[in-house]
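Enquirer: Sharing a structure here in C-alpha coordinates format.
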Amino acid sequence: MKAAVIVFPGSNCDRDVKVALAQSMGTPPLMVWHRESDFPSVDLIVVPGGFSYGDYLRAGAMAANSPAMAETSRRADRGVAVLGICNGFQILAEAGLLPGVLMRNAGLTFICRDVHLRVERSLAPFTGRYRQGQVIRIPIAHADGNYFTDEDTLKRLEDGGQVVFRYSDTEGNVTGPANPNGSLDNIAAIVNEAGNVLGMMPHPERLADPLLSGTDGRAMFEGLVEAFG
Amino acid sequence: MIARVHVTLKQGVLDPQGKAIANSLKSLGFSGVSGVRQGKYIEVELAETDVEAARTAVRDMCERLLANTVIEDYTIELDG
(Lines give C-alpha, C1' and ligand atoms only; values in the text may rest on other atoms or scores of the structure.)
Protein backbone atom coordinates (compact mmCIF):
# COMPACT_ATOMS: atom_id res chain seq x y z
CA MET A 1 0.00 0.00 0.00
CA LYS A 2 1.19 3.50 -0.76
CA ALA A 3 -0.03 6.28 1.52
CA ALA A 4 0.38 10.02 1.96
CA VAL A 5 -0.32 12.22 4.99
CA ILE A 6 -1.13 15.88 4.31
CA VAL A 7 0.54 18.30 6.74
CA PHE A 8 -0.93 21.78 7.35
CA PRO A 9 0.49 24.59 9.44
CA GLY A 10 -0.85 23.62 12.87
CA SER A 11 -1.34 19.90 12.23
CA ASN A 12 0.00 17.96 15.21
CA CYS A 13 -1.14 14.36 14.75
CA ASP A 14 0.59 13.87 11.43
CA ARG A 15 3.61 12.20 12.99
CA ASP A 16 1.49 9.94 15.20
CA VAL A 17 -0.42 8.72 12.16
CA LYS A 18 2.89 8.28 10.29
CA VAL A 19 4.10 5.98 13.09
CA ALA A 20 0.83 4.01 13.14
CA LEU A 21 0.86 3.62 9.36
CA ALA A 22 4.57 2.70 9.22
CA GLN A 23 3.95 0.02 11.83
CA SER A 24 1.31 -1.63 9.65
CA MET A 25 2.77 -0.85 6.23
CA GLY A 26 6.37 -1.75 7.08
CA THR A 27 7.46 1.50 5.50
CA PRO A 28 6.62 5.12 6.31
CA PRO A 29 4.01 7.06 4.33
CA LEU A 30 4.82 10.13 2.26
CA MET A 31 4.39 13.41 4.17
CA VAL A 32 2.89 16.05 1.87
CA TRP A 33 3.02 19.77 2.71
CA HIS A 34 -0.35 21.49 2.18
CA ARG A 35 0.95 23.65 -0.66
CA GLU A 36 1.81 20.62 -2.83
CA SER A 37 -0.76 19.45 -5.35
CA ASP A 38 1.76 17.42 -7.29
CA PHE A 39 2.44 14.41 -5.04
CA PRO A 40 2.82 10.81 -6.30
CA SER A 41 -0.10 8.43 -6.79
CA VAL A 42 -1.07 6.68 -3.57
CA ASP A 43 -3.79 4.25 -2.43
CA LEU A 44 -4.62 6.24 0.70
CA ILE A 45 -4.50 9.93 1.63
CA VAL A 46 -4.71 10.74 5.34
CA VAL A 47 -5.85 14.15 6.56
CA PRO A 48 -4.52 14.22 10.13
CA GLY A 49 -5.61 15.74 13.41
CA GLY A 50 -4.41 18.93 15.05
CA PHE A 51 -5.21 22.63 14.80
CA SER A 52 -4.59 23.55 11.17
CA TYR A 53 -4.49 27.35 10.90
CA GLY A 54 -5.13 27.45 14.64
CA ASP A 55 -8.80 26.61 13.96
CA TYR A 56 -9.06 30.29 12.92
CA LEU A 57 -12.46 31.29 11.42
CA ARG A 58 -13.73 27.70 11.78
CA ALA A 59 -11.88 24.46 12.40
CA GLY A 60 -10.66 23.14 9.04
CA ALA A 61 -12.09 26.04 7.02
CA MET A 62 -8.83 27.35 5.62
CA ALA A 63 -7.06 24.00 5.30
CA ALA A 64 -9.99 22.87 3.14
CA ASN A 65 -8.92 25.42 0.53
CA SER A 66 -5.28 24.33 0.24
CA PRO A 67 -3.78 22.99 -3.01
CA ALA A 68 -3.21 19.60 -1.37
CA MET A 69 -6.91 19.37 -0.48
CA ALA A 70 -7.98 20.41 -4.00
CA GLU A 71 -5.84 17.55 -5.33
CA THR A 72 -7.19 15.18 -2.64
CA SER A 73 -10.70 16.08 -3.73
CA ARG A 74 -9.91 15.32 -7.38
CA ARG A 75 -8.40 11.96 -6.42
CA ALA A 76 -11.31 11.12 -4.12
CA ASP A 77 -13.62 11.61 -7.10
CA ARG A 78 -11.57 8.96 -8.89
CA GLY A 79 -11.95 6.52 -6.00
CA VAL A 80 -8.72 7.02 -4.03
CA ALA A 81 -9.27 6.28 -0.32
CA VAL A 82 -9.20 9.29 1.99
CA LEU A 83 -9.16 9.04 5.80
CA GLY A 84 -9.79 12.19 7.86
CA ILE A 85 -9.07 12.02 11.60
CA CYS A 86 -10.40 14.70 13.96
CA ASN A 87 -9.26 18.00 12.36
CA GLY A 88 -9.06 15.87 9.20
CA PHE A 89 -12.79 15.09 9.50
CA GLN A 90 -13.48 18.80 10.00
CA ILE A 91 -11.40 19.60 6.89
CA LEU A 92 -13.22 16.97 4.80
CA ALA A 93 -16.59 18.40 5.90
CA GLU A 94 -15.51 21.97 5.10
CA ALA A 95 -14.15 20.79 1.73
CA GLY A 96 -17.46 19.13 0.92
CA LEU A 97 -15.98 15.64 0.62
CA LEU A 98 -18.31 14.62 3.44
CA PRO A 99 -21.73 16.10 4.31
CA GLY A 100 -22.49 18.02 7.47
CA VAL A 101 -20.41 20.02 9.90
CA LEU A 102 -18.57 19.49 13.20
CA MET A 103 -19.78 22.12 15.65
CA ARG A 104 -18.59 23.19 19.12
CA ASN A 105 -19.13 20.37 21.63
CA ALA A 106 -22.54 20.76 23.26
CA GLY A 107 -20.93 20.89 26.71
CA LEU A 108 -18.53 23.61 25.48
CA THR A 109 -15.41 22.01 26.91
CA PHE A 110 -12.47 20.43 25.12
CA ILE A 111 -12.74 16.71 25.85
CA CYS A 112 -9.64 14.59 26.04
CA ARG A 113 -10.38 11.03 27.15
CA ASP A 114 -11.09 7.50 25.95
CA VAL A 115 -14.56 6.76 24.60
CA HIS A 116 -16.21 3.59 23.42
CA LEU A 117 -17.40 3.16 19.88
CA ARG A 118 -19.74 0.63 18.38
CA VAL A 119 -18.68 -0.53 14.92
CA GLU A 120 -21.70 0.00 12.67
CA ARG A 121 -20.13 -1.23 9.42
CA SER A 122 -17.34 -3.64 8.75
CA LEU A 123 -16.38 -2.18 5.42
CA ALA A 124 -13.25 -2.29 3.27
CA PRO A 125 -10.94 -0.50 3.05
CA PHE A 126 -11.33 1.14 6.47
CA THR A 127 -13.07 -1.14 8.94
CA GLY A 128 -12.61 -4.55 7.33
CA ARG A 129 -10.64 -5.73 10.36
CA TYR A 130 -13.43 -4.84 12.79
CA ARG A 131 -16.63 -6.84 13.23
CA GLN A 132 -20.00 -5.21 12.94
CA GLY A 133 -21.30 -4.65 16.48
CA GLN A 134 -17.81 -4.79 17.99
CA VAL A 135 -17.17 -2.29 20.78
CA ILE A 136 -13.75 -0.61 20.81
CA ARG A 137 -12.01 1.93 23.04
CA ILE A 138 -10.38 4.90 21.33
CA PRO A 139 -9.31 8.35 22.61
CA ILE A 140 -10.93 11.59 21.56
CA ALA A 141 -9.40 15.03 21.96
CA HIS A 142 -11.54 17.81 20.56
CA ALA A 143 -13.64 20.89 21.24
CA ASP A 144 -15.55 20.85 17.94
CA GLY A 145 -16.74 17.29 17.44
CA ASN A 146 -20.50 17.78 17.53
CA TYR A 147 -21.66 16.26 14.22
CA PHE A 148 -24.61 18.09 12.70
CA THR A 149 -26.46 17.96 9.41
CA ASP A 150 -29.98 18.67 8.16
CA GLU A 151 -32.78 16.12 8.58
CA ASP A 152 -32.76 14.96 4.96
CA THR A 153 -29.03 14.36 4.88
CA LEU A 154 -29.15 12.57 8.22
CA LYS A 155 -31.85 10.26 6.90
CA ARG A 156 -29.79 9.59 3.77
CA LEU A 157 -26.73 8.78 5.88
CA GLU A 158 -28.66 6.43 8.13
CA ASP A 159 -30.65 4.73 5.36
CA GLY A 160 -27.52 4.40 3.25
CA GLY A 161 -25.48 2.77 6.02
CA GLN A 162 -22.96 5.59 5.91
CA VAL A 163 -22.51 5.79 9.67
CA VAL A 164 -19.42 3.74 10.51
CA PHE A 165 -18.84 4.30 14.27
CA ARG A 166 -21.18 5.52 16.99
CA TYR A 167 -20.35 6.64 20.54
CA SER A 168 -21.56 3.91 22.88
CA ASP A 169 -21.14 2.60 26.41
CA THR A 170 -18.81 -0.30 27.16
CA GLU A 171 -21.56 -2.77 26.23
CA GLY A 172 -22.24 -1.15 22.85
CA ASN A 173 -25.44 0.61 23.87
CA VAL A 174 -25.82 3.89 22.01
CA THR A 175 -27.04 6.19 24.78
CA GLY A 176 -27.16 9.87 25.64
CA PRO A 177 -24.57 9.65 28.44
CA ALA A 178 -22.23 7.78 26.07
CA ASN A 179 -22.27 10.75 23.67
CA PRO A 180 -19.40 13.05 24.65
CA ASN A 181 -20.17 16.00 22.37
CA GLY A 182 -23.84 16.09 21.33
CA SER A 183 -23.35 14.58 17.86
CA LEU A 184 -26.60 13.67 16.12
CA ASP A 185 -27.39 9.98 16.51
CA ASN A 186 -24.09 9.57 18.44
CA ILE A 187 -22.26 9.71 15.10
CA ALA A 188 -18.48 9.41 15.51
CA ALA A 189 -17.56 8.52 11.92
CA ILE A 190 -19.19 8.55 8.49
CA VAL A 191 -18.28 7.53 4.94
CA ASN A 192 -19.35 9.18 1.72
CA GLU A 193 -21.82 7.42 -0.58
CA ALA A 194 -19.05 5.82 -2.64
CA GLY A 195 -17.47 4.47 0.54
CA ASN A 196 -13.95 5.69 -0.22
CA VAL A 197 -13.85 8.76 2.04
CA LEU A 198 -14.13 8.30 5.82
CA GLY A 199 -14.14 10.97 8.49
CA MET A 200 -13.86 10.16 12.20
CA MET A 201 -13.45 12.32 15.29
CA PRO A 202 -11.67 9.70 17.48
CA HIS A 203 -7.94 9.04 17.08
CA PRO A 204 -7.16 5.43 16.11
CA GLU A 205 -3.48 6.32 15.70
CA ARG A 206 -3.32 7.08 19.45
CA LEU A 207 -4.17 3.54 20.46
CA ALA A 208 -2.22 1.39 18.04
CA ASP A 209 0.70 0.36 20.24
CA PRO A 210 0.63 -1.79 23.41
CA LEU A 211 2.90 0.79 25.09
CA LEU A 212 -0.02 3.23 24.88
CA SER A 213 -2.33 1.00 26.95
CA GLY A 214 -4.30 -0.38 24.05
CA THR A 215 -4.35 -1.40 20.43
CA ASP A 216 -8.00 -1.05 19.37
CA GLY A 217 -6.94 1.53 16.79
CA ARG A 218 -4.42 -0.72 15.10
CA ALA A 219 -7.07 -2.74 13.23
CA MET A 220 -7.92 0.36 11.19
CA PHE A 221 -4.39 0.50 9.77
CA GLU A 222 -4.10 -3.28 9.44
CA GLY A 223 -7.41 -3.25 7.56
CA LEU A 224 -6.20 -0.58 5.18
CA VAL A 225 -2.98 -2.49 4.43
CA GLU A 226 -5.02 -5.66 3.92
CA ALA A 227 -7.34 -3.87 1.48
CA PHE A 228 -4.55 -2.42 -0.63
CA GLY A 229 -1.76 -4.94 -0.23
CA MET B 1 -14.55 50.00 -0.12
CA ILE B 2 -15.17 48.18 3.13
CA ALA B 3 -17.50 45.20 3.29
CA ARG B 4 -18.94 44.49 6.73
CA VAL B 5 -20.05 40.89 7.05
CA HIS B 6 -22.06 39.45 9.94
CA VAL B 7 -22.02 35.67 10.19
CA THR B 8 -24.63 34.16 12.51
CA LEU B 9 -25.86 30.69 13.36
CA LYS B 10 -29.06 29.72 11.58
CA GLN B 11 -32.23 29.68 13.63
CA GLY B 12 -32.65 26.30 15.20
CA VAL B 13 -28.94 25.50 15.40
CA LEU B 14 -27.85 24.94 18.99
CA ASP B 15 -25.72 27.80 20.33
CA PRO B 16 -24.16 26.66 23.62
CA GLN B 17 -21.77 29.62 23.59
CA GLY B 18 -24.72 32.00 23.44
CA LYS B 19 -26.32 30.17 26.36
CA ALA B 20 -23.10 30.41 28.37
CA ILE B 21 -22.95 34.15 27.70
CA ALA B 22 -26.56 34.58 28.78
CA ASN B 23 -25.80 32.73 32.01
CA SER B 24 -22.78 34.94 32.66
CA LEU B 25 -24.90 38.05 32.13
CA LYS B 26 -27.40 36.71 34.65
CA SER B 27 -24.59 36.08 37.13
CA LEU B 28 -23.49 39.66 36.63
CA GLY B 29 -26.94 40.75 37.78
CA PHE B 30 -28.59 41.61 34.48
CA SER B 31 -32.18 40.43 34.79
CA GLY B 32 -34.51 40.11 31.88
CA VAL B 33 -31.99 38.67 29.42
CA SER B 34 -34.09 36.05 27.71
CA GLY B 35 -31.50 34.81 25.25
CA VAL B 36 -28.14 35.43 23.61
CA ARG B 37 -26.88 34.21 20.27
CA GLN B 38 -23.35 35.04 19.20
CA GLY B 39 -21.84 35.42 15.75
CA LYS B 40 -18.86 36.85 13.92
CA TYR B 41 -18.15 40.23 12.43
CA ILE B 42 -15.66 40.31 9.54
CA GLU B 43 -14.42 43.43 7.74
CA VAL B 44 -13.05 43.00 4.23
CA GLU B 45 -11.17 45.88 2.60
CA LEU B 46 -11.65 45.82 -1.17
CA ALA B 47 -9.96 47.70 -4.00
CA GLU B 48 -13.19 47.34 -6.04
CA THR B 49 -15.13 50.61 -6.35
CA ASP B 50 -18.27 49.35 -8.07
CA VAL B 51 -20.87 48.44 -5.43
CA GLU B 52 -22.52 45.62 -7.34
CA ALA B 53 -19.22 44.02 -8.30
CA ALA B 54 -18.09 44.30 -4.69
CA ARG B 55 -21.30 42.75 -3.39
CA THR B 56 -20.99 39.83 -5.81
CA ALA B 57 -17.38 39.24 -4.82
CA VAL B 58 -18.11 39.37 -1.09
CA ARG B 59 -21.12 37.08 -1.46
CA ASP B 60 -18.82 34.60 -3.19
CA MET B 61 -16.32 34.98 -0.32
CA CYS B 62 -19.09 34.22 2.16
CA GLU B 63 -20.31 31.17 0.27
CA ARG B 64 -16.82 29.75 -0.16
CA LEU B 65 -15.05 30.65 3.09
CA LEU B 66 -16.40 33.24 5.49
CA ALA B 67 -19.56 31.33 6.39
CA ASN B 68 -20.35 27.64 6.62
CA THR B 69 -23.75 27.74 4.98
CA VAL B 70 -24.72 24.39 6.49
CA ILE B 71 -25.22 26.15 9.82
CA GLU B 72 -24.56 29.85 9.25
CA ASP B 73 -26.29 32.80 7.59
CA TYR B 74 -24.54 35.99 6.54
CA THR B 75 -25.40 39.62 5.82
CA ILE B 76 -23.24 42.06 3.85
CA GLU B 77 -23.07 45.84 4.21
CA LEU B 78 -20.92 47.87 1.86
CA ASP B 79 -19.32 51.16 2.87
CA GLY B 80 -17.72 53.70 0.61
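Starting from 1 in every chain, residues are counted up; chains themselves are A, B, ... following the order of the C-alpha coordinates, and ligands are numbered from 1 as listed.
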Find the spatial neighbours of Met1 of chain B, counting only C-alpha atoms, within a cut-off of 9 Å - ignore same-chain residues fewer than 3 positions away - and output them as a ChimeraX atom specification.

Expert: /B:44-51,54,78-80

Enquirer: Create the file for the chosen residues now, containing N, CA and C atoms and written as an mmCIF file, in the first residue's frame.

Expert:
```
data_model
loop_
_atom_site.group_PDB
_atom_site.id
_atom_site.type_symbol
_atom_site.label_atom_id
_atom_site.label_comp_id
_atom_site.auth_asym_id
_atom_site.auth_seq_id
_atom_site.Cartn_x
_atom_site.Cartn_y
_atom_site.Cartn_z
ATOM 1 N N VAL B 44 -13.919 43.287 5.375
ATOM 2 C CA VAL B 44 -13.053 42.999 4.234
ATOM 3 C C VAL B 44 -12.803 44.300 3.481
ATOM 4 N N GLU B 45 -11.519 44.681 3.369
ATOM 5 C CA GLU B 45 -11.170 45.881 2.597
ATOM 6 C C GLU B 45 -10.974 45.516 1.150
ATOM 7 N N LEU B 46 -11.703 46.169 0.254
ATOM 8 C CA LEU B 46 -11.651 45.824 -1.166
ATOM 9 C C LEU B 46 -11.153 46.995 -1.999
ATOM 10 N N ALA B 47 -10.393 46.664 -3.052
ATOM 11 C CA ALA B 47 -9.964 47.699 -3.996
ATOM 12 C C ALA B 47 -11.118 48.065 -4.940
ATOM 13 N N GLU B 48 -12.049 47.139 -5.129
ATOM 14 C CA GLU B 48 -13.187 47.337 -6.037
ATOM 15 C C GLU B 48 -13.983 48.579 -5.666
ATOM 16 N N THR B 49 -14.366 49.389 -6.657
ATOM 17 C CA THR B 49 -15.131 50.605 -6.348
ATOM 18 C C THR B 49 -16.591 50.497 -6.778
ATOM 19 N N ASP B 50 -16.891 49.520 -7.626
ATOM 20 C CA ASP B 50 -18.272 49.348 -8.070
ATOM 21 C C ASP B 50 -19.036 48.526 -7.038
ATOM 22 N N VAL B 51 -20.128 49.074 -6.535
ATOM 23 C CA VAL B 51 -20.868 48.443 -5.428
ATOM 24 C C VAL B 51 -21.379 47.053 -5.793
ATOM 25 N N ALA B 54 -18.594 44.599 -6.033
ATOM 26 C CA ALA B 54 -18.092 44.299 -4.685
ATOM 27 C C ALA B 54 -19.032 43.341 -3.971
ATOM 28 N N LEU B 78 -22.075 47.292 2.563
ATOM 29 C CA LEU B 78 -20.922 47.874 1.858
ATOM 30 C C LEU B 78 -20.807 49.346 2.196
ATOM 31 N N ASP B 79 -19.592 49.779 2.469
ATOM 32 C CA ASP B 79 -19.324 51.163 2.874
ATOM 33 C C ASP B 79 -18.332 51.829 1.948
ATOM 34 N N GLY B 80 -18.685 52.963 1.418
ATOM 35 C CA GLY B 80 -17.719 53.702 0.611
ATOM 36 C C GLY B 80 -17.691 53.174 -0.794
#
```

Enquirer: For the interface of chain A with chain B (cut-off 8 Å, counting only C-alpha atoms), please tabulate each contacting residue of chain A alongside its nearest pair of atoms and their separation in Å to one decimal, rows sorted by chain and increasing number, as a Markdown table.

Expert:
```
| residue | atom | partner | partner_atom | distance |
| --- | --- | --- | --- | --- |
| A:Leu57 | CA | B:Leu66 | CA | 7.4 |
| A:Ala61 | CA | B:Leu65 | CA | 6.7 |
| A:Met62 | CA | B:Leu65 | CA | 7.5 |
| A:Glu94 | CA | B:Asn68 | CA | 7.6 |
| A:Gly100 | CA | B:Val70 | CA | 6.8 |
| A:Val101 | CA | B:Val70 | CA | 7.0 |
| A:Arg104 | CA | B:Pro16 | CA | 8.0 |
| A:Ala106 | CA | B:Pro16 | CA | 6.1 |
| A:Gly107 | CA | B:Pro16 | CA | 7.3 |
| A:Leu108 | CA | B:Pro16 | CA | 6.7 |
| A:Thr149 | CA | B:Val70 | CA | 7.3 |
| A:Asp150 | CA | B:Val70 | CA | 7.9 |
```

Enquirer: Between atom CA of Glu43 of chain B and atom CA of Asp60 of chain B, what is the distance, to one decimal in Å?

Expert: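 Distance between the two atoms: 14.7 Å.
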
Enquirer: Taking only C-alpha atoms into account, which of B:Ile2, B:Ile21, B:Gly39, B:Val33 comes nearest Glu72 of chain B?

Expert: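 Ranking B:Ile2, B:Ile21, B:Gly39, B:Val33 by distance to Glu72 of chain B, first place goes to B:Gly39.
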
Enquirer: May I ask which of the residues B:Arg59, B:Gly35, B:Asp73, B:Glu52 is the closest one to Gln11 of chain B, counting only C-alpha atoms?

Expert: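 Distance minimum relative to Gln11 of chain B lands on B:Asp73.
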
Enquirer: Applying 10 Å and only C-alpha atoms, which residues near Thr170 of chain A remain after dropping the ones on its own chain fewer than 5 positions away? List them as JSON, numbers by chain.

Expert: {"A": [115, 116, 117, 118, 135, 136, 137, 178]}

Enquirer: Residues within 8 Å of Gly84 of chain A, please, as a PDB file with N, CA and C atoms, in the first residue's frame. Count only C-alpha atoms; anything in the same chain fewer than 2 positions from it doesn't count.

Expert:
```pdb
ATOM      1  N   VAL A  46      -4.228  10.499   3.981  1.00  0.00           N
ATOM      2  CA  VAL A  46      -4.710  10.742   5.342  1.00  0.00           C
ATOM      3  C   VAL A  46      -4.671  12.241   5.625  1.00  0.00           C
ATOM      4  N   VAL A  47      -5.784  12.760   6.133  1.00  0.00           N
ATOM      5  CA  VAL A  47      -5.847  14.153   6.563  1.00  0.00           C
ATOM      6  C   VAL A  47      -5.829  14.109   8.091  1.00  0.00           C
ATOM      7  N   PRO A  48      -4.724  14.531   8.716  1.00  0.00           N
ATOM      8  CA  PRO A  48      -4.517  14.218  10.133  1.00  0.00           C
ATOM      9  C   PRO A  48      -5.167  15.211  11.083  1.00  0.00           C
ATOM     10  N   GLY A  49      -5.054  14.887  12.379  1.00  0.00           N
ATOM     11  CA  GLY A  49      -5.610  15.742  13.411  1.00  0.00           C
ATOM     12  C   GLY A  49      -4.697  16.901  13.776  1.00  0.00           C
ATOM     13  N   VAL A  82      -9.602   8.129   1.196  1.00  0.00           N
ATOM     14  CA  VAL A  82      -9.205   9.291   1.988  1.00  0.00           C
ATOM     15  C   VAL A  82      -9.697   9.075   3.413  1.00  0.00           C
ATOM     16  N   CYS A  86     -10.220  13.533  13.094  1.00  0.00           N
ATOM     17  CA  CYS A  86     -10.402  14.697  13.960  1.00  0.00           C
ATOM     18  C   CYS A  86     -10.373  15.991  13.146  1.00  0.00           C
ATOM     19  N   ASN A  87      -9.334  16.803  13.211  1.00  0.00           N
ATOM     20  CA  ASN A  87      -9.263  17.995  12.364  1.00  0.00           C
ATOM     21  C   ASN A  87      -9.394  17.598  10.895  1.00  0.00           C
ATOM     22  N   GLY A  88      -8.922  16.404  10.568  1.00  0.00           N
ATOM     23  CA  GLY A  88      -9.061  15.871   9.205  1.00  0.00           C
ATOM     24  C   GLY A  88     -10.525  15.709   8.817  1.00  0.00           C
ATOM     25  N   PHE A  89     -11.351  15.233   9.745  1.00  0.00           N
ATOM     26  CA  PHE A  89     -12.792  15.087   9.505  1.00  0.00           C
ATOM     27  C   PHE A  89     -13.393  16.479   9.295  1.00  0.00           C
ATOM     28  N   GLN A  90     -12.984  17.422  10.141  1.00  0.00           N
ATOM     29  CA  GLN A  90     -13.479  18.801  10.003  1.00  0.00           C
ATOM     30  C   GLN A  90     -13.102  19.370   8.637  1.00  0.00           C
ATOM     31  N   ILE A  91     -11.872  19.103   8.191  1.00  0.00           N
ATOM     32  CA  ILE A  91     -11.403  19.600   6.892  1.00  0.00           C
ATOM     33  C   ILE A  91     -12.204  18.963   5.756  1.00  0.00           C
ATOM     34  N   LEU A  92     -12.450  17.652   5.842  1.00  0.00           N
ATOM     35  CA  LEU A  92     -13.218  16.969   4.796  1.00  0.00           C
ATOM     36  C   LEU A  92     -14.640  17.516   4.727  1.00  0.00           C
ATOM     37  N   VAL A 197     -14.303   7.666   1.185  1.00  0.00           N
ATOM     38  CA  VAL A 197     -13.849   8.765   2.044  1.00  0.00           C
ATOM     39  C   VAL A 197     -14.465   8.577   3.421  1.00  0.00           C
ATOM     40  N   LEU A 198     -13.629   8.471   4.451  1.00  0.00           N
ATOM     41  CA  LEU A 198     -14.129   8.300   5.817  1.00  0.00           C
ATOM     42  C   LEU A 198     -13.629   9.431   6.701  1.00  0.00           C
ATOM     43  N   GLY A 199     -14.529   9.973   7.514  1.00  0.00           N
ATOM     44  CA  GLY A 199     -14.135  10.972   8.492  1.00  0.00           C
ATOM     45  C   GLY A 199     -14.509  10.485   9.870  1.00  0.00           C
ATOM     46  N   MET A 200     -13.591  10.596  10.829  1.00  0.00           N
ATOM     47  CA  MET A 200     -13.861  10.165  12.201  1.00  0.00           C
ATOM     48  C   MET A 200     -13.274  11.153  13.184  1.00  0.00           C
TER      49      MET A 200
END
```

Enquirer: Identify, on the basis of only C-alpha atoms, every residue whose closest approach to Thr109 of chain A does not exceed 10 Å; exclude the query and any residue fewer than 2 positions from it along the same chain; express the result as a PyMOL selection string.

Expert: chain A and resi 104-107+111-112+142-144+181

Enquirer: Please report the interatomic distance between atom CA of Glu120 of chain A and atom CA of Glu158 of chain A in Å with one decimal.

Expert: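 Value for the atom CA of Glu120 of chain A-atom CA of Glu158 of chain A distance: 10.5 Å.
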
Enquirer: Let me make sure I understand: among A:Pro210, A:Leu44, A:Phe165, A:Ala219, which one has the smallest atom-to-atom distance to Gln132 of chain A if we use only C-alpha atoms?

Expert: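 Of all the options, A:Phe165 lies closest to Gln132 of chain A.
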
Enquirer: Which one of A:Met201, A:Val225, A:Ala188, A:Leu157 sits closest to Pro125 of chain A if you count only C-alpha atoms?

Expert: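 Checking each of A:Met201, A:Val225, A:Ala188, A:Leu157 against Pro125 of chain A, counting only C-alpha atoms, the winner is A:Val225.
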
Enquirer: To one decimal in Å, tell me the separation between atom CA of Glu205 of chain A and atom CA of Asn192 of chain A.

Expert: 21.3 Å

Enquirer: Env of Gly79 of chain A: 8 Å cut, atoms = only C-alpha atoms, seq-sep filter 2 positions within chain, self excluded. Answer as JSON, numbers by chain.

Expert: {"A": [75, 76, 77, 81, 194, 196]}

Enquirer: Check the DSSP output for the backbone and give back, as an MDAnalysis selection string, the residues of segment 21-193 of chain A in strand (DSSP E).

Expert: chainID A and resid 30:33 44:47 81:85 101:103 111:119 135:142 146:148 163:168 187:191

Enquirer: Need the shell around Tyr74 of chain B: protein/DNA/RNA residues with any atom at most 8 Å away, counting only C-alpha atoms. Skip same-chain ones fewer than 5 positions apart. Format as an NGL selection string?

Expert: :B and (5-8 or 62 or 67)

Enquirer: Residues of the last selection are to be written out with N, CA and C atoms, as a PDB file, in the first residue's frame.

Expert:
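Final output, again16.pdb:
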```pdb
ATOM      1  N   VAL B   5     -19.315  42.154   7.132  1.00  0.00           N
ATOM      2  CA  VAL B   5     -20.051  40.887   7.055  1.00  0.00           C
ATOM      3  C   VAL B   5     -20.389  40.419   8.459  1.00  0.00           C
ATOM      4  N   HIS B   6     -21.662  40.079   8.677  1.00  0.00           N
ATOM      5  CA  HIS B   6     -22.065  39.455   9.937  1.00  0.00           C
ATOM      6  C   HIS B   6     -22.402  38.001   9.648  1.00  0.00           C
ATOM      7  N   VAL B   7     -21.767  37.098  10.361  1.00  0.00           N
ATOM      8  CA  VAL B   7     -22.024  35.671  10.191  1.00  0.00           C
ATOM      9  C   VAL B   7     -22.694  35.170  11.458  1.00  0.00           C
ATOM     10  N   THR B   8     -23.882  34.607  11.322  1.00  0.00           N
ATOM     11  CA  THR B   8     -24.625  34.163  12.507  1.00  0.00           C
ATOM     12  C   THR B   8     -25.108  32.739  12.314  1.00  0.00           C
ATOM     13  N   CYS B  62     -18.295  34.790   1.083  1.00  0.00           N
ATOM     14  CA  CYS B  62     -19.090  34.223   2.163  1.00  0.00           C
ATOM     15  C   CYS B  62     -19.444  32.774   1.867  1.00  0.00           C
ATOM     16  N   ALA B  67     -18.471  31.977   5.668  1.00  0.00           N
ATOM     17  CA  ALA B  67     -19.562  31.331   6.393  1.00  0.00           C
ATOM     18  C   ALA B  67     -19.640  29.868   5.998  1.00  0.00           C
TER      19      ALA B  67
END
```

Enquirer: Could you write out, as an MDAnalysis selection string, all the residues of segment 34-176 of chain A that DSSP marks as alpha helix (DSSP H)?

Expert: chainID A and resid 67:77 87:94 151:159
